[in-house]
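Listing of target.txt; format and content: compact mmCIF, C-alpha atoms.
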```txt
# COMPACT_ATOMS: atom_id res chain seq x y z
CA MET G 1 61.22 86.06 8.16
CA PRO G 2 60.86 87.04 11.83
CA TYR G 3 59.22 84.55 14.14
CA LYS G 4 58.13 84.49 17.75
CA PRO G 5 60.62 82.49 19.82
CA PRO G 6 59.41 79.45 21.81
CA THR G 7 58.86 79.68 25.55
CA HIS G 8 58.48 77.45 28.62
CA THR G 9 54.80 78.41 29.03
CA VAL G 10 53.46 74.90 28.40
CA GLU G 11 56.15 73.28 30.55
CA ARG G 12 55.32 75.64 33.42
CA SER G 13 51.60 74.94 33.03
CA ILE G 14 52.13 71.20 33.20
CA ARG G 15 54.33 71.58 36.27
CA ALA G 16 51.74 73.72 38.02
CA LYS G 17 48.79 71.46 37.23
CA THR G 18 50.36 68.04 37.70
CA GLY G 19 53.50 68.45 39.80
CA ALA G 20 55.58 66.95 37.00
CA LYS G 21 59.22 67.94 37.21
CA LEU G 22 60.83 66.19 34.24
CA ILE G 23 59.03 67.05 31.01
CA ALA G 24 60.13 65.79 27.61
CA GLY G 25 59.30 67.55 24.36
CA ILE G 26 58.75 65.19 21.42
CA ASP G 27 58.80 65.85 17.70
CA GLU G 28 59.01 63.64 14.63
CA VAL G 29 60.46 63.97 11.17
CA GLY G 30 59.98 61.83 8.08
CA ARG G 31 56.25 61.22 8.34
CA GLY G 32 55.62 62.37 4.76
CA ALA G 33 58.76 60.95 3.15
CA TRP G 34 58.56 58.16 0.56
CA ALA G 35 61.73 56.48 1.78
CA GLY G 36 63.61 55.95 5.00
CA PRO G 37 62.52 55.78 8.62
CA VAL G 38 60.34 58.05 10.67
CA THR G 39 62.48 59.56 13.41
CA VAL G 40 61.37 60.83 16.80
CA CYS G 41 63.41 62.85 19.29
CA ALA G 42 62.58 63.22 22.97
CA ALA G 43 64.33 66.17 24.62
CA ILE G 44 64.37 67.32 28.24
CA THR G 45 65.47 70.93 28.62
CA GLY G 46 64.45 72.12 32.07
CA LEU G 47 63.54 75.81 32.30
CA ARG G 48 66.83 77.33 31.21
CA ARG G 49 67.14 80.07 28.61
CA PRO G 50 67.46 78.40 25.19
CA PRO G 51 70.15 78.99 22.57
CA GLU G 52 69.58 82.05 20.40
CA GLY G 53 67.43 81.42 17.35
CA LEU G 54 65.86 78.14 18.49
CA THR G 55 62.61 77.39 16.66
CA ASP G 56 60.92 74.77 14.49
CA SER G 57 63.58 73.11 12.34
CA LYS G 58 61.56 73.79 9.18
CA LEU G 59 62.04 77.54 9.68
CA LEU G 60 65.82 77.28 9.77
CA THR G 61 68.39 77.06 7.01
CA VAL G 62 70.40 73.85 6.77
CA LYS G 63 73.49 75.68 8.00
CA ARG G 64 71.78 77.24 11.01
CA ARG G 65 69.92 74.04 11.86
CA THR G 66 73.17 72.08 11.87
CA GLU G 67 74.89 74.70 14.02
CA LEU G 68 72.00 74.68 16.50
CA ALA G 69 72.00 70.89 16.71
CA GLY G 70 75.64 70.98 17.77
CA ILE G 71 74.81 73.51 20.48
CA LEU G 72 71.70 71.65 21.60
CA ASN G 73 73.58 68.37 22.00
CA LYS G 74 75.41 69.96 24.91
CA TRP G 75 72.67 72.33 26.11
CA VAL G 76 69.74 69.96 26.66
CA THR G 77 69.49 68.13 29.97
CA ALA G 78 68.99 64.87 28.07
CA HIS G 79 67.78 63.69 24.68
CA ALA G 80 67.39 60.47 22.73
CA LEU G 81 66.22 59.44 19.29
CA GLY G 82 64.07 56.56 18.12
CA HIS G 83 63.46 55.30 14.60
CA ALA G 84 60.86 53.12 12.91
CA SER G 85 62.08 51.70 9.62
CA SER G 86 60.29 51.74 6.28
CA GLU G 87 59.61 48.01 6.75
CA GLU G 88 58.02 48.71 10.14
CA ILE G 89 55.94 51.53 8.65
CA ASP G 90 54.66 49.13 5.96
CA ALA G 91 53.95 46.40 8.50
CA LEU G 92 52.36 48.50 11.24
CA GLY G 93 50.94 51.64 9.61
CA MET G 94 52.17 55.15 10.33
CA THR G 95 50.39 55.77 13.64
CA ALA G 96 51.78 52.61 15.22
CA ALA G 97 55.21 53.26 13.69
CA LEU G 98 55.26 56.75 15.20
CA ARG G 99 54.40 55.30 18.58
CA LEU G 100 57.13 52.69 18.23
CA ALA G 101 59.74 55.33 17.39
CA ALA G 102 58.57 57.60 20.22
CA VAL G 103 58.67 54.78 22.79
CA ARG G 104 62.16 53.86 21.62
CA ALA G 105 63.27 57.47 22.10
CA LEU G 106 61.68 57.73 25.55
CA ASP G 107 63.11 54.38 26.64
CA ALA G 108 66.58 55.52 25.55
CA LEU G 109 66.52 58.58 27.82
CA PRO G 110 68.73 58.25 30.91
CA VAL G 111 65.77 59.36 33.05
CA ARG G 112 62.05 58.73 32.68
CA PRO G 113 60.05 61.94 32.17
CA ASP G 114 56.98 62.62 34.30
CA ALA G 115 55.08 64.08 31.34
CA VAL G 116 55.44 64.56 27.60
CA ILE G 117 54.66 67.44 25.25
CA LEU G 118 53.79 66.05 21.83
CA ASP G 119 53.86 68.24 18.73
CA GLY G 120 50.55 68.29 16.84
CA LYS G 121 46.94 67.62 17.79
CA HIS G 122 46.91 63.81 17.79
CA ASP G 123 48.30 61.75 20.65
CA TYR G 124 49.96 58.81 18.93
CA LEU G 125 51.76 57.86 22.15
CA GLY G 126 49.02 57.22 24.69
CA MET G 127 49.19 55.35 28.00
CA PRO G 128 51.08 54.93 30.23
CA TRP G 129 52.56 58.31 29.30
CA ARG G 130 50.95 61.56 30.45
CA VAL G 131 50.73 63.55 27.23
CA ARG G 132 49.92 67.16 26.39
CA THR G 133 49.46 67.72 22.65
CA VAL G 134 50.30 71.19 21.33
CA ILE G 135 49.58 72.30 17.77
CA LYS G 136 52.75 73.89 16.37
CA GLY G 137 54.52 72.95 19.56
CA ASP G 138 57.77 72.94 17.58
CA GLN G 139 57.37 76.71 17.28
CA SER G 140 55.94 77.53 20.72
CA CYS G 141 57.56 75.10 23.19
CA ILE G 142 61.28 75.16 23.86
CA SER G 143 61.63 71.43 24.54
CA VAL G 144 59.67 70.49 21.41
CA ALA G 145 61.64 72.96 19.27
CA ALA G 146 64.87 71.41 20.54
CA ALA G 147 63.55 67.94 19.68
CA SER G 148 62.53 69.20 16.24
CA VAL G 149 66.03 70.41 15.38
CA LEU G 150 67.81 67.35 16.77
CA ALA G 151 65.46 64.93 14.98
CA LYS G 152 65.72 66.72 11.63
CA VAL G 153 69.50 66.97 11.61
CA ARG G 154 69.95 63.34 12.65
CA ARG G 155 67.49 61.96 10.10
CA ASP G 156 68.97 64.06 7.30
CA ALA G 157 72.41 62.66 8.13
CA LEU G 158 70.99 59.14 8.29
CA MET G 159 69.32 59.52 4.89
CA ALA G 160 72.59 60.76 3.39
CA GLU G 161 74.29 57.64 4.76
CA LEU G 162 71.56 55.31 3.51
CA GLY G 163 71.54 57.08 0.16
CA SER G 164 75.23 56.52 -0.50
CA GLU G 165 74.33 53.28 -2.31
CA HIS G 166 71.49 54.94 -4.26
CA ALA G 167 73.08 58.10 -5.65
CA ASP G 168 70.46 58.56 -8.41
CA PHE G 169 67.79 59.26 -5.79
CA ALA G 170 69.69 62.18 -4.18
CA PHE G 171 68.62 61.22 -0.67
CA HIS G 172 71.40 63.46 0.65
CA ASP G 173 69.41 66.39 -0.74
CA ASN G 174 65.74 65.37 -0.45
CA ALA G 175 65.93 63.09 2.63
CA GLY G 176 63.51 60.65 0.98
CA TYR G 177 60.82 63.23 0.22
CA PRO G 178 59.33 63.34 -3.33
CA SER G 179 61.62 65.75 -5.19
CA PRO G 180 61.75 65.77 -9.04
CA VAL G 181 65.08 63.89 -8.98
CA HIS G 182 63.61 61.30 -6.62
CA LYS G 183 60.54 60.79 -8.81
CA THR G 184 62.62 60.43 -11.97
CA ALA G 185 64.84 57.83 -10.33
CA LEU G 186 61.79 55.88 -9.14
CA GLN G 187 60.37 55.70 -12.66
CA ALA G 188 63.68 54.56 -14.13
CA LEU G 189 65.06 52.31 -11.41
CA GLY G 190 62.15 51.35 -9.19
CA PRO G 191 62.05 51.55 -5.41
CA THR G 192 65.08 50.90 -3.23
CA PRO G 193 65.01 48.62 -0.17
CA ILE G 194 64.41 51.68 2.04
CA HIS G 195 61.28 52.85 0.21
CA ARG G 196 57.85 52.50 1.82
CA MET G 197 56.40 49.86 -0.46
CA SER G 198 52.81 50.25 0.76
CA TRP G 199 52.54 53.93 -0.11
CA ALA G 200 50.39 55.39 -2.90
CA PHE G 201 53.37 56.46 -5.06
CA MET G 202 53.81 52.76 -5.92
CA ASP G 203 50.55 52.94 -7.92
CA ALA G 204 52.32 55.16 -10.46
CA LEU G 205 55.09 52.59 -11.01
CA PRO G 206 53.50 49.83 -13.15
CA ARG G 207 56.86 48.16 -13.81
CA TRP G 208 57.37 47.64 -10.10
CA GLN G 209 53.90 46.59 -8.94
CA HIS G 210 55.18 43.19 -7.92
CA LEU G 211 57.07 44.92 -5.08
CA LYS G 212 54.05 46.77 -3.69
CA ARG G 213 52.84 45.87 -0.22
CA THR G 214 49.28 46.24 1.04
CA ARG G 215 49.02 49.29 3.26
CA VAL G 216 48.09 48.46 6.83
CA GLU G 217 44.95 50.22 8.05
CA SER G 218 45.26 49.36 11.71
CA ALA G 219 42.75 50.46 14.31
CA GLU G 220 43.96 53.12 16.71
CA ASP G 221 45.39 51.86 19.96
CA PRO G 222 42.51 52.23 22.47
CA SER G 223 44.91 53.84 24.93
CA VAL G 224 45.68 56.71 22.57
CA ASP G 225 44.24 60.10 23.53
CA GLN G 226 43.07 58.94 26.97
CA MET G 227 45.84 60.87 28.73
CA SER G 228 45.78 64.07 26.64
CA ILE G 229 43.57 65.83 29.15
CA PHE G 230 45.78 68.00 31.35
```
Please re-express this file's structure in structure tokens.
Amino acid sequence: MPYKPPTHTVERSIRAKTGAKLIAGIDEVGRGAWAGPVTVCAAITGLRRPPEGLTDSKLLTVKRRTELAGILNKWVTAHALGHASSEEIDALGMTAALRLAAVRALDALPVRPDAVILDGKHDYLGMPWRVRTVIKGDQSCISVAAASVLAKVRRDALMAELGSEHADFAFHDNAGYPSPVHKTALQALGPTPIHRMSWAFMDALPRWQHLKRTRVESAEDPSVDQMSIF
């Protein structure tokens, strides 16, 4: 299916309005999975022409996504990944876990960006970062698209590694998302140590209710959304 390639329009707008020079695109993967971490990538790309075919990782085949990730590793100015584990997701709630993973990614960059483009409409990062949220930024913004591909390929590889001890769950294929094989294994074997024990799927596993954790419903960080104004 043809798609419109991403551009540097948002990056240029931020530069013009704020004087920011280093802008990081951020995207996450694993938010809706039942097992494994949520992974965030922060990528700084500058204003160079991107590799051919760059777009949201979800629009790419596994083969093409993997090829692009190899190219992007050398093409981006800088990038870093951050993870929040299933235990941290259970303990903190998803919004706080996303922020934790994003801060870890940003802190791991060799340079501190002046501004951040965050995929989606909700700013889960907040102060002290200057944030521009962009709906479908992984399709429209080059830096966010690059982060999307790098995050997806790395998390998929990580889930394959983590799943090596839990072959019945086929994490190498479903990356912790609720596939039929995954659901069947849950019913028969119960959750693994990397499952999110506070999630609603646990309600359908009466044999394993003793493992369920109470989902955290934490209040939003008061700093969130205060900087998403430029």
Kindly assemble as CSV a list of the segment 102-214 of chain G residues that lie within 7 Å of segment 56-68 of chain G, each paired with its nearest atom pair and their distance in Å to one decimal, using only C-alpha atoms, sorted first by chain and then by ascending residue number.
```
residue,atom,partner,partner_atom,distance
G:Asp138,CA,G:Asp56,CA,4.8
G:Gln139,CA,G:Asp56,CA,4.9
G:Ala145,CA,G:Asp56,CA,5.2
G:Ser148,CA,G:Ser57,CA,5.6
G:Val149,CA,G:Ser57,CA,4.7
G:Lys152,CA,G:Ser57,CA,6.8
G:Val153,CA,G:Thr66,CA,6.3
```
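For Ala78 of chain G, the residues within 8 Å (counting all atoms listed in the file, excluding itself and residues fewer than 3 positions away along the chain) are Ala43, Ile44, Thr45, Leu109 and Pro110 of chain G.
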For this session: List every protein, DNA or RNA residue that has an atom no more than 12 Å from (69.2, 79.7, 31.0) in the file's coordinate frame, counting all atoms listed in the file, and report them as an NGL selection string.
Result: :G and (7-8 or 45-52 or 75-77 or 142)
Taking every listed atom of segment 45-56 of chain G and adding 3 Å to each side, what centre and edge lengths in Å (one decimal) does the axis-aligned box have, as lines of an AutoDock Vina configuration file?
```
center_x = 65.5
center_y = 76.5
center_z = 23.4
size_x = 15.2
size_y = 17.1
size_z = 23.8
```
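Of the listed residues G:His122, G:Arg130, G:Arg99, G:Arg154, the one whose atoms come nearest to Ile14 of chain G is G:Arg130, with distances taken using only C-alpha atoms.
Compared by their closest atoms to Phe171 of chain G, and using only C-alpha atoms, the residues G:His195, G:Phe201, G:Gly190, G:Asp123 rank with G:His195 nearest.
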Exercise. Please, what distance in Å, to one decimal, runs between atom CA of Ala188 of chain G and atom CA of Asp168 of chain G?
Worked result: 9.7 Å
For this session: Just the residues within 7 Å of Ala20 of chain G, please, counting all atoms listed in the file, with nothing from its chain fewer than 4 positions along; format it as a list in words.
Result: Ile14, Arg15, Asp114 and Ala115 of chain G
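Excluding Ala167 of chain G itself and any same-chain residue fewer than 6 positions from it, the protein and nucleic acid residues within 12 Å of it, counting all atoms listed in the file, are Met159, Ala160, Glu161, Asp173, Asn174, Gly176, Val181, His182, Ala185, Leu189 and Thr192 of chain G.
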How would the residues just chosen look if you wrote them out with C-alpha atoms as a PDB file, in the coordinates of the input?
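Listed below is the output, out31.pdb:
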```pdb
ATOM      1  CA  MET G 159      69.320  59.520   4.890  1.00  0.00           C
ATOM      2  CA  ALA G 160      72.590  60.760   3.390  1.00  0.00           C
ATOM      3  CA  GLU G 161      74.290  57.640   4.760  1.00  0.00           C
ATOM      4  CA  ASP G 173      69.410  66.390  -0.740  1.00  0.00           C
ATOM      5  CA  ASN G 174      65.740  65.370  -0.450  1.00  0.00           C
ATOM      6  CA  GLY G 176      63.510  60.650   0.980  1.00  0.00           C
ATOM      7  CA  VAL G 181      65.080  63.890  -8.980  1.00  0.00           C
ATOM      8  CA  HIS G 182      63.610  61.300  -6.620  1.00  0.00           C
ATOM      9  CA  ALA G 185      64.840  57.830 -10.330  1.00  0.00           C
ATOM     10  CA  LEU G 189      65.060  52.310 -11.410  1.00  0.00           C
ATOM     11  CA  THR G 192      65.080  50.900  -3.230  1.00  0.00           C
TER      12      THR G 192
END
```
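You will find atom CA of Leu125 of chain G at 28.6 Å from atom CA of Met202 of chain G.
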Problem set entry | Among the residues G:Lys121, G:Arg112, G:Arg104, G:Arg196, the one that comes closest to Leu211 of chain G [using only C-alpha atoms] | G:Arg196
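Nearest residue to Lys74 of chain G among G:Val116, G:Cys141, G:Met94, G:Leu150 is G:Leu150, counting all atoms listed in the file.
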